[in-house]
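What follows is a short report on a single structure.
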Amino acid sequence: MAFPPWPGAGHHPLSLANPSFYLLVAIIVVFAGMYAFMCVRYPRRKRGLEGFREAATISLGFLAFSVVLVVVLAMKDPVGNLSAYALDQVVLQGYWLTFSVPVVTVGSSVHTRTRGGIPWLVPSLLLAVTMFAVLFAFYFYVAPPG
């Protein structure tokens with residue numbers, strides 16, 4: 001099994017005009033709206049705002065990474081190669097985000113709450129990266145488009 005080529009031009013259409021992409025953007029807008037509402041409604045509740053930022057940082061990080069990845073892929077080569085297609089599918093099919101966001105959120109929370117006594121942050125990130133690689137391999141090797 002050869003290492004996949006770098007994403008580039010090919011014959012697999014990559015489009016941002018689909019419900020999955022719009023949902024990713026909408027979730028980011030919802031987070032921003034929730035934060036704005038908290039800032040306006042509870043401006044002096046420092047712990048509440050810190051709690052929101054702590055809880056939302058991981059989710060927003062994954063969502064922002066995902067949006068940037070699919071936008072860059074679609075803008076660079078609207079008709080990409082199999083690697084570009086596989087990356088696009090890892091994000092837009094949602095399985096990776098469904099798995100990785102809660103795993104890293106729990107790992108980060110355990111790590112933070114125990115002040116590093118239970119060091120789960122790095123292993124949870126590695127697990128999320130591994131899941132990304134597994135799903136990429138699935139879309140590249142096992143289930144490429146017909």
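Letters A, B, ... mark the chains of the structure tokens in the order given; residue numbers begin at 1 per chain; ligand numbers begin at 1, in order shown.
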
key: strand (DSSP E) per DSSP on the backbone: members of chain A, as a list in words   =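 After running DSSP on the backbone, chain A has strand (DSSP E) at Ala9, Gly10, His11, His12, Pro13, Val79 and Gly80 of chain A.
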
Who sits within 10 Å of segment 36-43 of chain A, only C-alpha atoms, same chain under 6 positions skipped, as a list of chain:residue names =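 Returned residues: A:Val30, A:Leu49, A:Phe52.
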
Residue with smallest distance to Val134 of chain A - pool A:Val90, A:Val72, A:Ile58, A:Val104, counting only C-alpha atoms = A:Val90

query = Leaving out Trp96 of chain A and any residue of its chain fewer than 4 positions from it, which residues lie within 7 Å of it when counting only C-alpha atoms, given as a list in words?
reply = Val90, Val91, Ser100, Met131 and Phe132 of chain A

query = Skipping near chain neighbours, those fewer than 2 positions away, what residues fall within 12 Å of Leu135 of chain A using only C-alpha atoms, listed as JSON, numbers by chain?
reply = {"A": [83, 85, 86, 87, 88, 89, 90, 91, 92, 93, 94, 95, 96, 97, 99, 100, 128, 129, 130, 131, 132, 133, 137, 138, 139, 140, 141, 142, 143, 144]}

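Atom pair atom CA of Leu82 of chain A / atom CA of Pro7 of chain A has a distance of 7.5 Å (rounded to one decimal).
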
Near-Tyr22 of chain A list (12 Å; only C-alpha atoms; drop same-chain fewer than 5 positions) as a list in words =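 Final neighbour list, sorted by chain and number: Ser15, Leu16, Ala17, Ile27, Ile28, Val29, Leu63, Ser66, Val67, Val70, Val71 and Leu92 of chain A.
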
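Across the model, the gap from atom CA of Gly51 of chain A to atom CA of Arg113 of chain A is 12.3 Å.
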
request  = Write down as an MDAnalysis selection string the residues of chain A whose backbone DSSP state falls under helix (DSSP H, G or I).
outcome  = chainID A and resid 19:41 46:76 82:92 95:113 121:142

Nearest to Gly61 of chain A, chosen from A:Trp120, A:Phe31, A:Phe3, A:Phe136, with only C-alpha atoms counted in the distances = A:Phe31

key: Residue among A:Ala84, A:Leu23, A:Met75, A:Ala55 lying closest to His11 of chain A, counting only C-alpha atoms   = A:Ala84

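Picture a line from atom CA of Leu126 of chain A to atom CA of His12 of chain A; it runs 29.3 Å.
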